[in-house]
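Participant: Sharing a structure, written as structure tokens. Questions coming.
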There are 2 protein chains.
Amino acid sequence: MGAVKKLVVVGGVAGGMSAAARARRLSEDAEIVVFERGPHVSFANCGLPYHVAGVIADRKKLLVQTPESLRARFALDVRVETEVLAIDRPAKKVLVRERATGREYREGYDALVLSPGAEPVRPPLPGMDDPRVLTLRNLEDMDRVIAAATHAALPALVVGGGYIGLEMAEALRHRGGEVVVVERLPHVMGVADPEMVASVHDELRRNGVDLRLSTSVESFEADGDALVARLSDGSRLRCGFALMAVGVRPETRLAREAGLEIGPSGGIRVDPQMRTSDRSIWAVGDAVEVKDLARESPALIPLAGPANRQGRIAADAIFGRKTRYTATQGTAIVKVFGLSFAMTGASEASLARAGRKYRRVYVHPADHATYYPGAHPISLKLLFDPEDGRILGAQAVGAAGVDKRIDVIAVAQRAGLTVFDLEDLELCYAPQFGSAKDPVNMAGFVAANVVRGDALLWEPEELETLQPGQALVDVRSAREFAAGTIPGATNLPVDDLRAAIGELPRDKELLVFCQVGFRGYVAARLLSQRGFRVRNLSGGYKRYDMWRGTAAGQAAESAREDGSPEEMEVTP
Amino acid sequence: MGAVKKLVVVGGVAGGMSAAARARRLSEDAEIVVFERGPHVSFANCGLPYHVAGVIADRKKLLVQTPESLRARFALDVRVETEVLAIDRPAKKVLVRERATGREYREGYDALVLSPGAEPVRPPLPGMDDPRVLTLRNLEDMDRVIAAATHAALPALVVGGGYIGLEMAEALRHRGGEVVVVERLPHVMGVADPEMVASVHDELRRNGVDLRLSTSVESFEADGDALVARLSDGSRLRCGFALMAVGVRPETRLAREAGLEIGPSGGIRVDPQMRTSDRSIWAVGDAVEVKDLARESPALIPLAGPANRQGRIAADAIFGRKTRYTATQGTAIVKVFGLSFAMTGASEASLARAGRKYRRVYVHPADHATYYPGAHPISLKLLFDPEDGRILGAQAVGAAGVDKRIDVIAVAQRAGLTVFDLEDLELCYAPQFGSAKDPVNMAGFVAANVVRGDALLWEPEELETLQPGQALVDVRSAREFAAGTIPGATNLPVDDLRAAIGELPRDKELLVFCQVGFRGYVAARLLSQRGFRVRNLSGGYKRYDMWRGTAAGQAAESAREDGSPEEMEVTP
């Protein structure tokens with residue numbers, strides 16, 4: 001195509017606005033028109049829950065740019081409250097409607113960028129049209145939630161325990177109201193692996209959130225001042241209002257109606273330069289299908305960072321540059337009261353679904369040197385290729401330092417590094433910030449031991465099928481053992497192992513464990529060199545505890561309660 | 001060599017202890033003896049200043065391991081207060097002396113690991129033998145500093161403004177005493193580039209530290225209760241005690257006397273498996289010469305992380321594994337009151353010394369979204385190859401989030417990534433943790449613009465040689481301009497540029513600047529597309545301010561004071 005004289009952008013948030021601003025920097029001559037359906041452009045959508053909470057006191061802080069500021073700075077023609085109704089591809093025109101006046105008109109383009117975003121899913125439940133059933137996407141939605149929370153004496157019902165659901169649950173608790181969270185799955189944060197968010201459940205409950213897992217809403221009805229939700233467990237919940245946060249779906253209506261190709265994931269299909277199946281139309285942000293970095297498959301991954309990046313790349317492409325979008329990793333973080341959960345790359349569940357081979361390890365180091373005050377443990381799970389050790393994904397949860405470790409692993413994964421490379425990473429160390437062996441190095445050591453075959457691990461799931469030929473050995477101290485252990489385990493502290501080695505059964509496979517995995521590893525190295533068949537519990541008792549915090553773990557351990565295995569007889 | 005039956009380790013801290021513990025995990029059969037000259041092994045040497053400060057109240061917290069705990073856990077034969085006097089290489093024996101009894105004996109080895117560390121430099125000044133002239137390496141040194149600080153009513157003198165000097169200055173201020181820091185260079189943190197630590201000078205002074213730059217101690221003398229230091233500026237400083245923190249030198253006496261090869265940097269020469277020129281002797285930690293990752297030259301880089309890693313690798317090598325040490329990046333961080341300074345890779349000064357071509361950019365983004373409370377700016381400098389954009393190093397200073405950004409760049413550098421890859425990094429974003437465009441992405445954008453030729457930059461150093469054909473244009477707001485600008489600049493806010501474009505001189509090169517570099521970039525893109533010769537100040541007015549905080553910048557701006565360039569005549 002020739003030089004672009006006129007660029008039209010549909011959607012003035014994140015990706016769309018990045019495209020428009022970047023376009024101006026590349027072309028002072030182009031006419032650039034941005035249509036935004038809502039009253040605001042470039043607002044801080046990730047900040048909405050924090051204004052609800054009162055943490056961001058001034059609502060205006062959420063308005064990062066205005067049409068006026070964008071006109072002054074970038075000579076953009078930003079038209080808010082203007083909806084794009086249709087694309088006339090042959091004529092290269094969009095049909096738009098001014099919401100205030102109802103006036104419709106056509107606007108021509110040489111290049112068109114679609115950044116329609118994703119809309120909150122509203123499941124077709126009876127009673128969904130009650131005005132107290134809310135969603136959260138923009139400032140107007142936020143205002144409605146605040147008004148509802150201000151007026152209602154009854155609890156707020158948050159439907160869905162994903163990012164937005166949890167941030168809003170915290171925000172509403174912060175305002176002082178009662179909050180019920182209903183989540184259809186047995187765990188919050190559907191993108192996470194169950195055991196990694198078991199502590200998030202505890203954190204929510206500790207902070208007064210009434211969390212109902214494996215529960216869904218079946219219908220709403222009005223009952224005077226109350227909105228009554230009928231739940232899948234048969235109970236009826238009287239609340240002041242409900243916030244539906246059960247996910248988002250890409251807004252592809254415009255693209256579909258224009259006949260643009262839609263990918264298998266349901267997002268607009270684009271090439272690496274964000275171009276759609278029409279050579280004059282680009283698409284960016286939550287409405288497009290991306291390549292998932294770890295699984296190399298098409299996916300919908302609605303995140304602000306990638307949206308901005310894609311906007312920039314679309315502008316580059318339109319003005320003749322060669323920048324390419326590679327893939328989305330899905331790096332993300334959510335703070336839930338005093339805990340943060342973050343992840344990058346694939347989850348175990350998603351790898352399993354894709355039939356991809358992987359291994360997993362768990363470490364639980366402190367966020368900084370334990371001899372310095374204020375250290376908090378991080379539980380870090382690393383997923384990697386069992387053959388070459390390539391990093392596939394990571395998840396972490398803890399009170400501090402979680403964002404840093406996931407960022408570090410995100411870079412390593414993007415660079416194609418392996419668990420062996422993680423051993424070598426040289427990261428900032430002073431006792432306030434980390435340890436000479438950083439948690440990421442620790443994860444690398446453990447994972448590299450697995451790939452090299454130095455560490456044979458066992459997993460808590462094996463407790464479900466424990467055999468008589470296996471013995472559980474708790475190598476922690478007597479005090480730790482007394483405070484709680486895995487049912488059926490014998491205590492033999494690692495420091496007493498060499499003295500007691502003659503007493504250990506040579507006909508059994510020893511399943512050792514400690515608190516986080518390190519003493520168990522030391523014990524396993526010792527015992528295997530002495531000819532024992534031995535494996536170490538990946539991630540230790542903490543990992544067992546995380547597993548026991550999942551629905552699967554709970555069920556398995558309840559079933560085992562009556563039939564604990566025979567304890568070994570050992571005199572340490 | 002055959003199977004190692006007996007391993008002897010010289011030095012029981014960091015690298016030495018890592019080697020011993022790893023060795024045990026690889027061989028349950030080997031006899032492992034660790035000699036340590038001091039009374040403690042595996043102590044937290046990076047924690048010493050924080051016990052002086054009282055932040056780590058319990059001294060015992062610094063003792064991570066004891067000989068007893070290491071015997072119990074790893075069956076190590078740890079002999080403290082035992083000095084290794086000589087190595088008899090042909091006989092494969094070390095000669096040792098028990099410090100308490102004076103008894104000397106020989107101990108044979110199959111493999112020997114040297115981890116002697118580095119000792120504080122004590123320059124040969126008159127009066128250095130006064131017992132109040134202290135250094136800090138171990139717990140006994142720390143106890144002496146605490147005793148001196150407790151008894152002295154006079155100020156403490158810290159000689160040297162490196163990591164230890166600054167941490168100790170803060171610690172001593174924390175105890176409530178007066179502190180004078182004397183630094184020979186015009187700036188603290190000798191490994192840093194001067195402009196990156198100008199704010200650290202302010203922070204020290206704001207916290208009551210009497211900082212004397214470009215000053216050295218010439219002698220000490222006793223005067224009653226006072227230790228009097230004569231300084232290079234002719235003044236005499238009465239203090240209670242002095243802490244010499246002017247650097248460390250590798251302890252290579254044992255290695256030298258045994259005829260082991262010493263590298264050009266003065267450290268013990270080792271191969272990638274940490275083996276010295278003797279096939280039965282390995283060396284690790286602060287005493288060895290490493291390869292500098294960015295400059296690919298031999299260097300001494302004394303850091304805890306690499307020491308631990310090297311210990312592990314030496315043990316691997318001794319027991320037949322192939323692990324290799326690659327190179328040291330020099331990733332490090334120091335907290336100075338409310339600021340942190342961190343760096344990775346090469347500094348600009350070290351690249352310049354090595355004659356390596358490089359480019360530099362500066363960004364000053366907030367550590368997290370500015371609409372969320374508590375955001376603090378980070379000043380981030382990125383050094384990269386001007387041709388291919390490969391990352392060479394980075395430095396950052398700020399109140400929060402500095403460790404994370406340097407860690408992220410450290411991984412990117414180690415993976416061989418370029419500034420183009422930094423644009424694409426997908427990092428954790430929620431408003432408490434970062435921005436949709438993280439500071440590292442921002443640095444990537446700016447640097448990539450430079451490599452692509454989209455951004456022509458100017459540097460504050462050019463102010464020294466400003467020509468009549470050049471004009472300084474401050475594109476910030478009138479309010480910002482009024483609050484302080486670069487002498488000689490004309491104010492023309494970026495948002496007024498398009499209107500004023502007819503008034504701008506076409507015969508001059510326009511040197512534009514804003515606060516941090518972004519509006520200047522927008523202005524430069526606009527003006528260059530309109531045919532002006534224009535460059536943008538890298539890092540903006542903040543960068544100018546950092547430069548003005550250096551000795552070179554101060555001198556240059558003083559010289560310019562009388563002869564400011566003619567201001568442009570523009571009616572915006």
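Residue numbers start at 1 in each chain; chains themselves are named A, B, ... in the order of the structure tokens; ligands are numbered from 1 in the order shown.
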Residues of chain A that have any atom at most 7 Å from an atom of chain B: could you tabulate them with the shortest-distance atom pair and the distance in Å to one decimal, using only C-alpha atoms, ordered by chain and increasing number, as JSON lines?
Facilitator:
{"residue": "A:Arg25", "atom": "CA", "partner": "B:Arg525", "partner_atom": "CA", "distance": 5.7}
{"residue": "A:Glu28", "atom": "CA", "partner": "B:Leu526", "partner_atom": "CA", "distance": 6.1}
{"residue": "A:Cys46", "atom": "CA", "partner": "B:Ala430", "partner_atom": "CA", "distance": 6.7}
{"residue": "A:Gly47", "atom": "CA", "partner": "B:Pro431", "partner_atom": "CA", "distance": 6.6}
{"residue": "A:Ile56", "atom": "CA", "partner": "B:Tyr372", "partner_atom": "CA", "distance": 6.0}
{"residue": "A:Lys61", "atom": "CA", "partner": "B:Tyr371", "partner_atom": "CA", "distance": 5.4}
{"residue": "A:Leu62", "atom": "CA", "partner": "B:Tyr371", "partner_atom": "CA", "distance": 6.4}
{"residue": "A:Ala72", "atom": "CA", "partner": "B:Asp495", "partner_atom": "CA", "distance": 4.9}
{"residue": "A:Arg73", "atom": "CA", "partner": "B:Asp495", "partner_atom": "CA", "distance": 4.8}
{"residue": "A:Ala304", "atom": "CA", "partner": "B:Ala436", "partner_atom": "CA", "distance": 5.6}
{"residue": "A:Gly305", "atom": "CA", "partner": "B:Ala436", "partner_atom": "CA", "distance": 4.4}
{"residue": "A:Gln329", "atom": "CA", "partner": "B:Glu426", "partner_atom": "CA", "distance": 6.9}
{"residue": "A:Thr331", "atom": "CA", "partner": "B:Cys428", "partner_atom": "CA", "distance": 5.5}
{"residue": "A:Ala332", "atom": "CA", "partner": "B:Cys428", "partner_atom": "CA", "distance": 4.8}
{"residue": "A:Ile333", "atom": "CA", "partner": "B:Cys428", "partner_atom": "CA", "distance": 5.5}
{"residue": "A:Val334", "atom": "CA", "partner": "B:Ala430", "partner_atom": "CA", "distance": 6.7}
{"residue": "A:Tyr371", "atom": "CA", "partner": "B:Lys61", "partner_atom": "CA", "distance": 5.4}
{"residue": "A:Tyr372", "atom": "CA", "partner": "B:Ile56", "partner_atom": "CA", "distance": 6.0}
{"residue": "A:Pro373", "atom": "CA", "partner": "B:Ile56", "partner_atom": "CA", "distance": 6.7}
{"residue": "A:Asp403", "atom": "CA", "partner": "B:Cys428", "partner_atom": "CA", "distance": 6.1}
{"residue": "A:Lys404", "atom": "CA", "partner": "B:Lys404", "partner_atom": "CA", "distance": 5.2}
{"residue": "A:Asp407", "atom": "CA", "partner": "B:Leu427", "partner_atom": "CA", "distance": 5.3}
{"residue": "A:Val408", "atom": "CA", "partner": "B:Val408", "partner_atom": "CA", "distance": 5.3}
{"residue": "A:Ala410", "atom": "CA", "partner": "B:Leu427", "partner_atom": "CA", "distance": 6.8}
{"residue": "A:Val411", "atom": "CA", "partner": "B:Ala412", "partner_atom": "CA", "distance": 6.5}
{"residue": "A:Ala412", "atom": "CA", "partner": "B:Val411", "partner_atom": "CA", "distance": 6.5}
{"residue": "A:Ala415", "atom": "CA", "partner": "B:Ala415", "partner_atom": "CA", "distance": 6.3}
{"residue": "A:Leu425", "atom": "CA", "partner": "B:Val411", "partner_atom": "CA", "distance": 6.5}
{"residue": "A:Glu426", "atom": "CA", "partner": "B:Thr331", "partner_atom": "CA", "distance": 6.1}
{"residue": "A:Leu427", "atom": "CA", "partner": "B:Asp407", "partner_atom": "CA", "distance": 5.3}
{"residue": "A:Cys428", "atom": "CA", "partner": "B:Ala332", "partner_atom": "CA", "distance": 4.8}
{"residue": "A:Tyr429", "atom": "CA", "partner": "B:Ala332", "partner_atom": "CA", "distance": 6.0}
{"residue": "A:Ala430", "atom": "CA", "partner": "B:Ile333", "partner_atom": "CA", "distance": 6.3}
{"residue": "A:Pro431", "atom": "CA", "partner": "B:Gly47", "partner_atom": "CA", "distance": 6.6}
{"residue": "A:Ala436", "atom": "CA", "partner": "B:Gly305", "partner_atom": "CA", "distance": 4.4}
{"residue": "A:Lys437", "atom": "CA", "partner": "B:Gly305", "partner_atom": "CA", "distance": 6.2}
{"residue": "A:Val494", "atom": "CA", "partner": "B:Arg73", "partner_atom": "CA", "distance": 6.8}
{"residue": "A:Asp495", "atom": "CA", "partner": "B:Arg73", "partner_atom": "CA", "distance": 4.8}
{"residue": "A:Val522", "atom": "CA", "partner": "B:Arg25", "partner_atom": "CA", "distance": 6.4}
{"residue": "A:Arg525", "atom": "CA", "partner": "B:Arg25", "partner_atom": "CA", "distance": 5.7}
{"residue": "A:Leu526", "atom": "CA", "partner": "B:Glu28", "partner_atom": "CA", "distance": 6.1}
{"residue": "A:Gln529", "atom": "CA", "partner": "B:Glu28", "partner_atom": "CA", "distance": 6.4}
Participant: Using DSSP secondary structure from the backbone, list all helix (DSSP H, G or I) positions within segment 348-395 of chain B, as a list in words.
Facilitator: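 Taking segment 348-395 of chain B and keeping helix (DSSP H, G or I) gives Glu348, Ala349, Ser350, Leu351, Ala352, Arg353 and Ala354 of chain B.
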Participant: Write out as a PyMOL selection string all residues of segment 66-256 of chain A that backbone DSSP assigns to strand (DSSP E or B).
Facilitator: chain A and resi 77-79+82-88+93-98+104-108+111-114+118-120+133-134+156-159+179-182+209-212+217-223+226-231+236-239+241-244+248-250
Participant: Using the selection just defined, write its residues with C-alpha atoms as a PDB file, in the first residue's frame.
Facilitator:
ATOM      1  CA  ASP A  77      -8.862  13.888  16.467  1.00  0.00           C
ATOM      2  CA  VAL A  78     -10.438  11.984  19.358  1.00  0.00           C
ATOM      3  CA  ARG A  79     -14.192  11.565  19.198  1.00  0.00           C
ATOM      4  CA  THR A  82     -19.019   7.819  19.257  1.00  0.00           C
ATOM      5  CA  GLU A  83     -19.664   4.234  18.342  1.00  0.00           C
ATOM      6  CA  VAL A  84     -18.414   2.534  15.221  1.00  0.00           C
ATOM      7  CA  LEU A  85     -21.341   0.535  13.847  1.00  0.00           C
ATOM      8  CA  ALA A  86     -19.908  -1.070  10.763  1.00  0.00           C
ATOM      9  CA  ILE A  87     -16.940  -1.266   8.442  1.00  0.00           C
ATOM     10  CA  ASP A  88     -17.435  -0.859   4.726  1.00  0.00           C
ATOM     11  CA  LYS A  93     -15.176   3.655   5.397  1.00  0.00           C
ATOM     12  CA  VAL A  94     -16.552   3.175   8.880  1.00  0.00           C
ATOM     13  CA  LEU A  95     -20.112   4.028   9.809  1.00  0.00           C
ATOM     14  CA  VAL A  96     -20.276   5.769  13.174  1.00  0.00           C
ATOM     15  CA  ARG A  97     -22.982   7.093  15.457  1.00  0.00           C
ATOM     16  CA  GLU A  98     -22.711   9.940  17.934  1.00  0.00           C
ATOM     17  CA  GLU A 104     -24.703   8.760  11.948  1.00  0.00           C
ATOM     18  CA  TYR A 105     -21.966   9.458   9.456  1.00  0.00           C
ATOM     19  CA  ARG A 106     -19.228   7.748   7.483  1.00  0.00           C
ATOM     20  CA  GLU A 107     -15.512   8.310   7.939  1.00  0.00           C
ATOM     21  CA  GLY A 108     -13.003   7.131   5.378  1.00  0.00           C
ATOM     22  CA  ALA A 111      -5.629   2.288   7.449  1.00  0.00           C
ATOM     23  CA  LEU A 112      -7.936   1.115  10.192  1.00  0.00           C
ATOM     24  CA  VAL A 113      -6.887  -0.137  13.640  1.00  0.00           C
ATOM     25  CA  LEU A 114      -9.436  -2.075  15.647  1.00  0.00           C
ATOM     26  CA  ALA A 118     -13.076  -7.454  25.572  1.00  0.00           C
ATOM     27  CA  GLU A 119     -16.354  -7.190  27.385  1.00  0.00           C
ATOM     28  CA  PRO A 120     -17.345  -8.771  30.681  1.00  0.00           C
ATOM     29  CA  VAL A 133     -26.358  -7.075  38.636  1.00  0.00           C
ATOM     30  CA  LEU A 134     -23.232  -5.120  37.666  1.00  0.00           C
ATOM     31  CA  ALA A 156     -21.879  -7.474  48.136  1.00  0.00           C
ATOM     32  CA  LEU A 157     -21.811 -10.601  46.009  1.00  0.00           C
ATOM     33  CA  VAL A 158     -18.810 -11.018  43.738  1.00  0.00           C
ATOM     34  CA  VAL A 159     -19.372 -13.725  41.159  1.00  0.00           C
ATOM     35  CA  VAL A 179     -18.392  -9.550  50.772  1.00  0.00           C
ATOM     36  CA  VAL A 180     -19.309 -12.967  49.453  1.00  0.00           C
ATOM     37  CA  VAL A 181     -17.246 -14.435  46.601  1.00  0.00           C
ATOM     38  CA  VAL A 182     -18.784 -17.275  44.636  1.00  0.00           C
ATOM     39  CA  VAL A 209     -14.381 -12.599  52.727  1.00  0.00           C
ATOM     40  CA  ASP A 210     -17.074 -15.282  52.648  1.00  0.00           C
ATOM     41  CA  LEU A 211     -15.544 -17.475  49.954  1.00  0.00           C
ATOM     42  CA  ARG A 212     -17.709 -20.162  48.380  1.00  0.00           C
ATOM     43  CA  VAL A 217     -25.068 -18.596  40.728  1.00  0.00           C
ATOM     44  CA  GLU A 218     -28.132 -20.070  39.066  1.00  0.00           C
ATOM     45  CA  SER A 219     -30.454 -17.098  39.099  1.00  0.00           C
ATOM     46  CA  PHE A 220     -31.159 -13.690  40.543  1.00  0.00           C
ATOM     47  CA  GLU A 221     -34.435 -12.302  41.772  1.00  0.00           C
ATOM     48  CA  ALA A 222     -35.507  -9.117  43.482  1.00  0.00           C
ATOM     49  CA  ASP A 223     -36.904  -9.230  47.006  1.00  0.00           C
ATOM     50  CA  ALA A 226     -32.406  -7.249  48.411  1.00  0.00           C
ATOM     51  CA  LEU A 227     -31.115  -8.950  45.347  1.00  0.00           C
ATOM     52  CA  VAL A 228     -31.435 -12.671  45.996  1.00  0.00           C
ATOM     53  CA  ALA A 229     -29.010 -15.042  44.288  1.00  0.00           C
ATOM     54  CA  ARG A 230     -29.910 -18.702  44.128  1.00  0.00           C
ATOM     55  CA  LEU A 231     -26.690 -20.722  44.308  1.00  0.00           C
ATOM     56  CA  ARG A 236     -30.254 -18.392  48.640  1.00  0.00           C
ATOM     57  CA  LEU A 237     -28.032 -15.397  49.220  1.00  0.00           C
ATOM     58  CA  ARG A 238     -29.486 -11.974  49.989  1.00  0.00           C
ATOM     59  CA  CYS A 239     -27.146  -9.257  48.820  1.00  0.00           C
ATOM     60  CA  PHE A 241     -25.812  -6.022  44.571  1.00  0.00           C
ATOM     61  CA  ALA A 242     -23.850  -8.505  42.507  1.00  0.00           C
ATOM     62  CA  LEU A 243     -20.706  -7.907  40.508  1.00  0.00           C
ATOM     63  CA  MET A 244     -20.295 -10.371  37.672  1.00  0.00           C
ATOM     64  CA  VAL A 248     -14.265 -11.429  29.453  1.00  0.00           C
ATOM     65  CA  ARG A 249     -14.897 -12.205  25.809  1.00  0.00           C
ATOM     66  CA  PRO A 250     -13.280 -10.435  22.864  1.00  0.00           C
TER      67      PRO A 250
END
Participant: For Leu185 of chain A, which of A:Asp143, A:Ala556, A:Lys291, A:Thr550 is the closest residue, counting only C-alpha atoms?
Facilitator: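 Closest to Leu185 of chain A, using only C-alpha atoms: A:Thr550.
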Participant: Would you kindly return, as a PyMOL selection string, each protein, DNA or RNA residue with an atom no farther than 12 Å from any atom of Ile268 of chain A, considering only C-alpha atoms and excluding same-chain residues fewer than 2 positions away?
Facilitator: chain A and resi 113-118+249-266+270-271+274-278+281-290+298-300
Participant: Counting only C-alpha atoms, figure out which residue out of A:Val419, A:Leu204, A:Leu457, A:Val13 gets nearest to Phe513 of chain A.
Facilitator: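 The closest residue to Phe513 of chain A is A:Leu457.
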Participant: Could you jot down the atom CA of Ala294 of chain B to atom CA of Val450 of chain B separation for me, Å, one decimal place?
Facilitator: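 We find that atom CA of Ala294 of chain B and atom CA of Val450 of chain B lie 20.2 Å from each other.
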Participant: Choose the residue, out of A:Ala148, A:Ile32, A:Val52, A:Val475, that has the smallest atom-to-atom separation from Glu167 of chain A; count only C-alpha atoms.
Facilitator: A:Val52
Participant: Which residues, written as a ChimeraX atom specification, have at least one atom at most 12 Å from Cys514 of chain B, with only C-alpha atoms counted and residues fewer than 2 positions away on the same chain left out?
Facilitator: /B:363-364,472-478,480-481,484-486,489-495,511-512,516-524,535-545
Participant: With C-alpha atoms retained, could you export that selection as a PDB file, in the first residue's frame?
Facilitator:
ATOM      1  CA  VAL B 363      14.860   7.094  31.558  1.00  0.00           C
ATOM      2  CA  HIS B 364      13.188   8.220  34.763  1.00  0.00           C
ATOM      3  CA  LEU B 472      18.347  25.270  23.544  1.00  0.00           C
ATOM      4  CA  VAL B 473      14.587  24.737  23.573  1.00  0.00           C
ATOM      5  CA  ASP B 474      12.790  23.760  26.779  1.00  0.00           C
ATOM      6  CA  VAL B 475       9.565  22.082  25.663  1.00  0.00           C
ATOM      7  CA  ARG B 476       8.168  21.742  29.189  1.00  0.00           C
ATOM      8  CA  SER B 477       5.342  23.878  30.540  1.00  0.00           C
ATOM      9  CA  ALA B 478       5.850  27.514  31.457  1.00  0.00           C
ATOM     10  CA  GLU B 480       8.282  23.955  34.894  1.00  0.00           C
ATOM     11  CA  PHE B 481      10.446  26.360  32.917  1.00  0.00           C
ATOM     12  CA  GLY B 484      14.408  26.081  36.758  1.00  0.00           C
ATOM     13  CA  THR B 485      15.840  25.391  33.341  1.00  0.00           C
ATOM     14  CA  ILE B 486      19.143  25.069  31.543  1.00  0.00           C
ATOM     15  CA  ALA B 489      17.073  27.908  27.018  1.00  0.00           C
ATOM     16  CA  THR B 490      13.945  29.272  25.386  1.00  0.00           C
ATOM     17  CA  ASN B 491      10.610  27.906  26.565  1.00  0.00           C
ATOM     18  CA  LEU B 492       8.273  26.490  23.934  1.00  0.00           C
ATOM     19  CA  PRO B 493       5.886  23.902  25.411  1.00  0.00           C
ATOM     20  CA  VAL B 494       5.528  20.806  23.275  1.00  0.00           C
ATOM     21  CA  ASP B 495       1.762  21.236  23.052  1.00  0.00           C
ATOM     22  CA  LEU B 511      18.574  21.144  21.124  1.00  0.00           C
ATOM     23  CA  VAL B 512      15.263  20.343  22.758  1.00  0.00           C
ATOM     24  CA  VAL B 516      12.613  13.116  31.510  1.00  0.00           C
ATOM     25  CA  GLY B 517      12.959  12.834  27.742  1.00  0.00           C
ATOM     26  CA  PHE B 518       9.557  11.812  26.448  1.00  0.00           C
ATOM     27  CA  ARG B 519       8.040  15.171  25.518  1.00  0.00           C
ATOM     28  CA  GLY B 520      11.396  16.112  24.038  1.00  0.00           C
ATOM     29  CA  TYR B 521      11.222  12.979  21.908  1.00  0.00           C
ATOM     30  CA  VAL B 522       7.724  13.874  20.729  1.00  0.00           C
ATOM     31  CA  ALA B 523       8.928  17.396  19.932  1.00  0.00           C
ATOM     32  CA  ALA B 524      11.984  16.110  18.104  1.00  0.00           C
ATOM     33  CA  ARG B 535      18.148  16.582  18.795  1.00  0.00           C
ATOM     34  CA  ASN B 536      16.595  15.655  22.157  1.00  0.00           C
ATOM     35  CA  LEU B 537      18.402  15.720  25.496  1.00  0.00           C
ATOM     36  CA  SER B 538      18.874  12.126  26.578  1.00  0.00           C
ATOM     37  CA  GLY B 539      17.071  11.738  29.900  1.00  0.00           C
ATOM     38  CA  GLY B 540      15.813  15.303  29.928  1.00  0.00           C
ATOM     39  CA  TYR B 541      16.272  17.977  32.541  1.00  0.00           C
ATOM     40  CA  LYS B 542      16.642  15.285  35.194  1.00  0.00           C
ATOM     41  CA  ARG B 543      19.637  13.979  33.340  1.00  0.00           C
ATOM     42  CA  TYR B 544      21.020  17.511  33.127  1.00  0.00           C
ATOM     43  CA  ASP B 545      20.494  17.782  36.860  1.00  0.00           C
TER      44      ASP B 545
END
Participant: Which is closest to Leu136 of chain A among A:Phe532, A:Gln273, A:His151, A:Pro49, if we use only C-alpha atoms?
Facilitator: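 Ranking A:Phe532, A:Gln273, A:His151, A:Pro49 by distance to Leu136 of chain A, first place goes to A:Pro49.
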Participant: Find the residues near Arg173 of chain B: any atom within 8 Å, counting only C-alpha atoms, skip ones fewer than 2 places away on the same chain, and give them as a list in words.
Facilitator: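 Those residues are Ala53, Ala169, Glu170, Ala171, Arg175, Gly176, Gly177, Glu178, Val179, Asn207, Gly208 and Val209 of chain B.
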